[in-house]
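Raw run-v2.cif, mmCIF, C-alpha atoms:
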```
data_model
loop_
_atom_site.label_atom_id
_atom_site.label_comp_id
_atom_site.auth_asym_id
_atom_site.auth_seq_id
_atom_site.Cartn_x
_atom_site.Cartn_y
_atom_site.Cartn_z
CA MET A 1 -67.41 2.03 28.55
CA ILE A 2 -69.30 -0.08 26.00
CA SER A 3 -67.52 -3.06 24.45
CA LEU A 4 -68.40 -5.55 21.74
CA LEU A 5 -67.03 -9.12 21.81
CA ILE A 6 -67.22 -11.37 18.75
CA ASP A 7 -66.14 -14.90 17.93
CA THR A 8 -66.92 -16.21 14.43
CA CYS A 9 -64.29 -18.97 14.43
CA THR A 10 -66.36 -22.02 15.42
CA ASN A 11 -69.78 -23.46 14.66
CA ASN A 12 -71.23 -21.14 17.31
CA VAL A 13 -71.03 -17.44 16.51
CA VAL A 14 -70.79 -15.50 19.78
CA ILE A 15 -71.62 -11.80 20.01
CA GLY A 16 -71.58 -10.00 23.36
CA LEU A 17 -72.21 -6.45 24.55
CA PHE A 18 -70.64 -5.14 27.76
CA SER A 19 -70.80 -2.10 29.97
CA ASP A 20 -67.36 -2.06 31.59
CA THR A 21 -67.03 -5.78 32.54
CA LYS A 22 -70.73 -6.54 32.94
CA VAL A 23 -72.68 -8.30 30.21
CA ILE A 24 -75.49 -6.20 28.77
CA ASP A 25 -76.65 -8.80 26.27
CA GLN A 26 -75.31 -11.66 24.18
CA ARG A 27 -76.28 -13.66 21.14
CA ILE A 28 -75.17 -17.10 19.93
CA GLU A 29 -75.97 -18.16 16.37
CA VAL A 30 -75.15 -21.22 14.29
CA ASN A 31 -72.21 -20.56 11.96
CA ASP A 32 -73.57 -21.66 8.60
CA LYS A 33 -73.16 -20.63 4.97
CA THR A 34 -75.05 -17.38 5.63
CA LEU A 35 -72.43 -16.00 8.04
CA SER A 36 -70.93 -13.48 5.60
CA THR A 37 -74.40 -12.12 4.87
CA ASN A 38 -75.95 -12.25 8.32
CA PHE A 39 -73.14 -11.37 10.72
CA VAL A 40 -73.42 -7.58 10.46
CA VAL A 41 -77.22 -7.91 10.69
CA TRP A 42 -76.88 -9.91 13.93
CA VAL A 43 -74.59 -7.26 15.42
CA GLN A 44 -76.95 -4.45 14.42
CA GLU A 45 -79.97 -6.29 15.85
CA LEU A 46 -78.14 -6.77 19.16
CA LEU A 47 -77.33 -3.05 19.27
CA ASP A 48 -80.90 -2.07 18.35
CA ARG A 49 -82.55 -4.11 21.08
CA ASN A 50 -80.29 -2.43 23.64
CA ASN A 51 -80.81 1.09 22.25
CA LEU A 52 -77.16 1.43 21.28
CA GLN A 53 -75.45 2.68 18.15
CA VAL A 54 -72.17 1.63 16.56
CA LYS A 55 -70.56 4.90 17.65
CA ASP A 56 -71.28 4.00 21.30
CA ILE A 57 -68.81 1.08 21.19
CA ASP A 58 -65.40 1.93 22.63
CA THR A 59 -63.60 -1.41 22.23
CA ILE A 60 -64.05 -4.49 20.10
CA TYR A 61 -62.72 -7.84 21.36
CA VAL A 62 -62.31 -10.29 18.49
CA ALA A 63 -61.37 -13.96 18.23
CA VAL A 64 -58.60 -14.31 15.63
CA GLY A 65 -58.62 -18.12 15.46
CA PRO A 66 -58.10 -20.94 15.22
CA GLY A 67 -61.13 -22.54 13.60
CA SER A 68 -63.07 -22.05 10.38
CA PHE A 69 -61.00 -20.16 7.78
CA THR A 70 -64.08 -18.35 6.46
CA GLY A 71 -65.39 -17.63 9.95
CA ILE A 72 -62.07 -16.21 11.11
CA ARG A 73 -61.87 -13.92 8.08
CA VAL A 74 -65.39 -12.57 8.66
CA GLY A 75 -64.70 -11.63 12.28
CA VAL A 76 -61.21 -10.24 11.75
CA THR A 77 -62.23 -8.20 8.70
CA PHE A 78 -65.21 -6.73 10.57
CA ALA A 79 -63.01 -5.79 13.54
CA LYS A 80 -60.27 -4.25 11.37
CA VAL A 81 -62.68 -2.10 9.36
CA PHE A 82 -64.68 -1.09 12.44
CA ALA A 83 -61.63 -0.15 14.53
CA TRP A 84 -59.89 1.70 11.69
CA ALA A 85 -62.91 3.62 10.42
CA LEU A 86 -64.11 4.75 13.85
CA GLY A 87 -60.76 5.00 15.62
CA LYS A 88 -61.68 2.38 18.21
CA ARG A 89 -59.52 0.06 20.32
CA VAL A 90 -59.35 -3.55 19.12
CA VAL A 91 -58.19 -6.46 21.31
CA PRO A 92 -57.55 -9.95 19.87
CA PHE A 93 -58.09 -13.20 21.76
CA SER A 94 -58.04 -16.94 21.02
CA SER A 95 -61.22 -18.83 20.12
CA LEU A 96 -59.85 -21.73 22.20
CA GLU A 97 -59.47 -19.43 25.18
CA LEU A 98 -63.14 -18.50 24.94
CA LEU A 99 -64.10 -22.20 24.83
CA ALA A 100 -62.01 -22.68 27.98
CA THR A 101 -64.31 -20.32 29.89
CA SER A 102 -66.93 -23.12 29.80
CA SER A 103 -65.38 -24.77 32.87
CA ASP A 104 -63.86 -23.76 36.21
CA HIS A 105 -61.77 -26.92 36.54
CA GLU A 106 -58.05 -26.62 37.20
CA VAL A 107 -57.08 -27.87 33.72
CA ILE A 108 -59.27 -27.24 30.67
CA VAL A 109 -58.56 -28.52 27.17
CA PRO A 110 -60.64 -26.78 24.47
CA LEU A 111 -60.81 -28.65 21.14
CA ILE A 112 -61.84 -27.77 17.59
CA ASP A 113 -61.92 -30.45 14.91
CA ALA A 114 -59.29 -29.69 12.26
CA ARG A 115 -60.05 -32.88 10.26
CA ARG A 116 -57.84 -35.79 9.18
CA GLY A 117 -57.14 -36.73 12.80
CA TYR A 118 -55.90 -33.24 13.74
CA VAL A 119 -57.37 -30.82 16.23
CA PHE A 120 -56.85 -27.23 17.22
CA ALA A 121 -56.23 -27.43 20.94
CA GLY A 122 -54.91 -25.52 23.91
CA ILE A 123 -54.47 -26.25 27.60
CA TYR A 124 -55.66 -23.60 30.07
CA ASP A 125 -56.01 -23.25 33.82
CA ASN A 126 -59.14 -21.87 35.43
CA ASN A 127 -57.74 -18.32 35.23
CA LEU A 128 -57.33 -18.70 31.44
CA ASN A 129 -53.56 -18.84 31.64
CA ALA A 130 -52.15 -20.97 28.83
CA LEU A 131 -50.45 -24.14 30.11
CA MET A 132 -49.79 -25.09 26.47
CA ASP A 133 -49.90 -22.66 23.57
CA ASP A 134 -52.67 -23.25 21.04
CA LYS A 135 -51.59 -25.89 18.53
CA TYR A 136 -52.61 -27.71 15.38
CA ILE A 137 -51.89 -31.22 16.58
CA LEU A 138 -52.77 -34.87 16.10
CA MET A 139 -55.20 -36.07 18.75
CA PRO A 140 -52.88 -38.89 20.03
CA GLN A 141 -50.05 -36.38 20.42
CA LEU A 142 -52.31 -34.04 22.37
CA LEU A 143 -53.32 -36.85 24.71
CA GLU A 144 -49.64 -37.58 25.35
CA ASN A 145 -49.08 -33.90 26.19
CA ILE A 146 -51.78 -33.89 28.84
CA ASN A 147 -50.78 -37.12 30.60
CA LYS A 148 -49.09 -35.08 33.34
CA TYR A 149 -52.34 -33.32 34.26
CA ASP A 150 -54.85 -34.89 36.64
CA LYS A 151 -58.38 -35.19 35.25
CA PRO A 152 -58.39 -32.44 32.60
CA VAL A 153 -61.77 -31.33 31.28
CA PHE A 154 -62.23 -31.35 27.51
CA VAL A 155 -64.54 -28.75 25.92
CA SER A 156 -65.73 -29.09 22.34
CA LEU A 157 -68.69 -28.81 20.01
CA ASP A 158 -67.31 -31.90 18.26
CA GLU A 159 -67.23 -35.47 19.58
CA PHE A 160 -63.83 -37.08 20.16
CA GLY A 161 -64.76 -39.78 22.66
CA VAL A 162 -62.76 -38.23 25.51
CA GLY A 163 -65.71 -37.27 27.69
CA GLU A 164 -65.84 -33.75 26.35
CA ILE A 165 -68.44 -31.28 27.63
CA LYS A 166 -70.35 -28.95 25.34
CA PRO A 167 -69.35 -25.28 25.38
CA ASN A 168 -71.21 -22.93 27.69
CA VAL A 169 -68.96 -19.91 27.31
CA ASN A 170 -68.60 -17.23 29.96
CA ILE A 171 -67.86 -14.10 27.95
CA GLU A 172 -67.61 -11.97 31.09
CA LYS A 173 -64.74 -14.12 32.36
CA LEU A 174 -62.84 -13.62 29.12
CA LEU A 175 -63.42 -9.87 29.08
CA ILE A 176 -62.16 -9.53 32.67
CA LYS A 177 -58.98 -11.34 31.59
CA HIS A 178 -58.34 -8.89 28.72
CA ILE A 179 -59.90 -5.66 29.99
CA ASN A 180 -56.50 -4.02 30.52
CA ASP A 181 -54.89 -5.21 27.28
CA ALA A 182 -53.42 -2.35 25.28
CA GLY A 183 -54.97 -3.52 22.04
CA VAL A 184 -53.34 -3.56 18.61
CA ASN A 185 -53.18 -1.37 15.54
CA PRO A 186 -56.10 -2.43 13.31
CA HIS A 187 -53.71 -2.83 10.37
CA SER A 188 -51.65 -5.37 12.34
CA LEU A 189 -54.68 -7.44 13.36
CA ASN A 190 -54.16 -10.78 11.64
CA PRO A 191 -55.88 -14.19 11.66
CA ASN A 192 -54.23 -17.00 13.60
CA TYR A 193 -55.08 -20.00 11.44
CA LEU A 194 -52.40 -22.28 13.04
CA LYS A 195 -52.28 -24.24 9.76
CA GLN A 196 -52.17 -23.66 6.04
CA THR A 197 -55.33 -23.59 3.99
CA GLU A 198 -56.25 -26.70 2.01
CA ALA A 199 -55.33 -24.93 -1.22
CA GLU A 200 -51.86 -24.12 0.16
CA GLU A 201 -51.38 -27.69 1.38
CA ASN A 202 -52.44 -29.09 -1.98
CA LEU A 203 -50.04 -26.74 -3.76
CA LEU A 204 -47.16 -27.94 -1.59
CA VAL A 205 -48.03 -31.57 -2.34
CA LYS A 206 -48.22 -30.81 -6.06
CA ASN A 207 -44.80 -29.12 -6.02
CA ASP A 208 -43.04 -31.87 -4.04
#
```
Whole structure given in structure tokens:
Amino acid sequence: MISLLIDTCTNNVVIGLFSDTKVIDQRIEVNDKTLSTNFVVWVQELLDRNNLQVKDIDTIYVAVGPGSFTGIRVGVTFAKVFAWALGKRVVPFSSLELLATSSDHEVIVPLIDARRGYVFAGIYDNNLNALMDDKYILMPQLLENINKYDKPVFVSLDEFGVGEIKPNVNIEKLLIKHINDAGVNPHSLNPNYLKQTEAEENLLVKND
């Protein structure tokens, strides 16, 4: 069984190809302003260099957020269209959960900068079980929430001054966690932004 894993939610775009639960190949690209244009090209190039075609893919695993609004939309839209058009299984996962695969410590705290003192954060154990659901939260509040854990490891591309390590994601570990997931109807695959867009927030402020 051939699977495709994609995460377009953070500043690192992750694309992985699997045979069953073994990695065939993977690609990590910088998420810049060319993402909408280049993403499909990157996927096709990864398939081409492994002599695979789109029709060979049985399942697509897609990060649905949190993170970049534009990045999330690119990945989710690709997965919805792909799964619907070709009748393929689609399995959602959290971008924070993928970041958590960067460490085998007992408590891992993946972080994404959400600006204005907020972060997108989760707390995971080394089996990727959620000890705290993913949240949009102020950094001081997050630190209060993790006081009960001994020596948690922070993982982030951003710098928060908490001794964070840079991501070195293990896509095979994430796939093994979700290999038996039933998947969802492509039409019900939705982004998990965890917060409102800036335009929505500004509208609420204007109407107050």
Please determine, counting only C-alpha atoms, which residue among A:Asp134, A:Asp25, A:Glu45, A:Asp7 has the shortest atom-to-atom distance to Lys195 in chain A.
A:Asp134
Hits from the PyMOL selection byres ((chain A and resi 15) around 9), listed as a ChimeraX atom specification:
/A:4-8,13-14,16-17,25-29,42-43,46
Output of the PyMOL selection byres ((chain A and resi 145-157) around 12), listed as a PyMOL selection string
chain A and resi 10-12+30+67+95-114+119-126+131-133+135+137-144+158-169
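Relative to CA of Lys177 in chain A, CA of Gln53 in chain A is found at 25.5 Å.
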Carefully work through the PyMOL selection byres ((chain A and resi 185-194) around 6) for this structure and note down the residues it includes, as a tab-separated table (two decimals) with C-alpha atoms, keeping the file's coordinate frame.
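So the final result, stored in expr-v7.tsv, reads:
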```tsv
chain	number	residue	atom	x	y	z
A	64	VAL	CA	-58.60	-14.31	15.63
A	65	GLY	CA	-58.62	-18.12	15.46
A	66	PRO	CA	-58.10	-20.94	15.22
A	80	LYS	CA	-60.27	-4.25	11.37
A	84	TRP	CA	-59.89	1.70	11.69
A	136	TYR	CA	-52.61	-27.71	15.38
A	184	VAL	CA	-53.34	-3.56	18.61
A	195	LYS	CA	-52.28	-24.24	9.76
```
My list of candidates is A:Ile2, A:Ile72, A:Val23, A:Ala79. Which is closest to Leu35 in chain A when distances are computed with only C-alpha atoms?
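Checking each candidate against Leu35 in chain A, we get A:Ile72 as the closest.
Counting from CA of Ser36 in chain A, the distance to CA of Thr77 in chain A is 10.6 Å.
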What is the distance between CA of Asn50 in chain A and CA of Phe18 in chain A, in Å to one decimal?
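Computing the Euclidean distance for CA of Asn50 in chain A and CA of Phe18 in chain A yields 10.8 Å.
Using only C-alpha atoms, the nearest neighbour of Phe39 in chain A within the list A:Asp20, A:Asp58, A:Val74, A:Cys9 is A:Val74.
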Grab all the atoms of range 143-152 of chain A that the file lists, wrap them in a box along x, y and z, add 3 Å per side, and give me centre plus edge lengths in Å (one decimal) as AutoDock Vina command-line options.
```
--center_x -53.7 --center_y -35.0 --center_z 30.7 --size_x 15.3 --size_y 11.1 --size_z 17.9
```
Residues around (-64.9, -6.8, 34.6), cut-off 7 Å, counting only C-alpha atoms - what are they as a ChimeraX atom specification?
/A:20-22,172,175-176,179
Can you spit out the residues from that selection as a JSON list (two decimals), in the frame of the given file, using C-alpha atoms?
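The result, stored in part-v2.json:
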```json
[["chain", "number", "residue", "atom", "x", "y", "z"],
["A", 20, "ASP", "CA", -67.36, -2.06, 31.59],
["A", 21, "THR", "CA", -67.03, -5.78, 32.54],
["A", 22, "LYS", "CA", -70.73, -6.54, 32.94],
["A", 172, "GLU", "CA", -67.61, -11.97, 31.09],
["A", 175, "LEU", "CA", -63.42, -9.87, 29.08],
["A", 176, "ILE", "CA", -62.16, -9.53, 32.67],
["A", 179, "ILE", "CA", -59.90, -5.66, 29.99]]
```
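Closest approach to Val62 in chain A among A:Leu47, A:Val90, A:Ile171, A:Ala83: A:Val90, based on all atoms listed in the file.
Take the candidates A:Ser68, A:Thr59, A:Asn31, A:Asn51 and check each one against Val91 in chain A using only C-alpha atoms; the shortest distance goes to A:Thr59.
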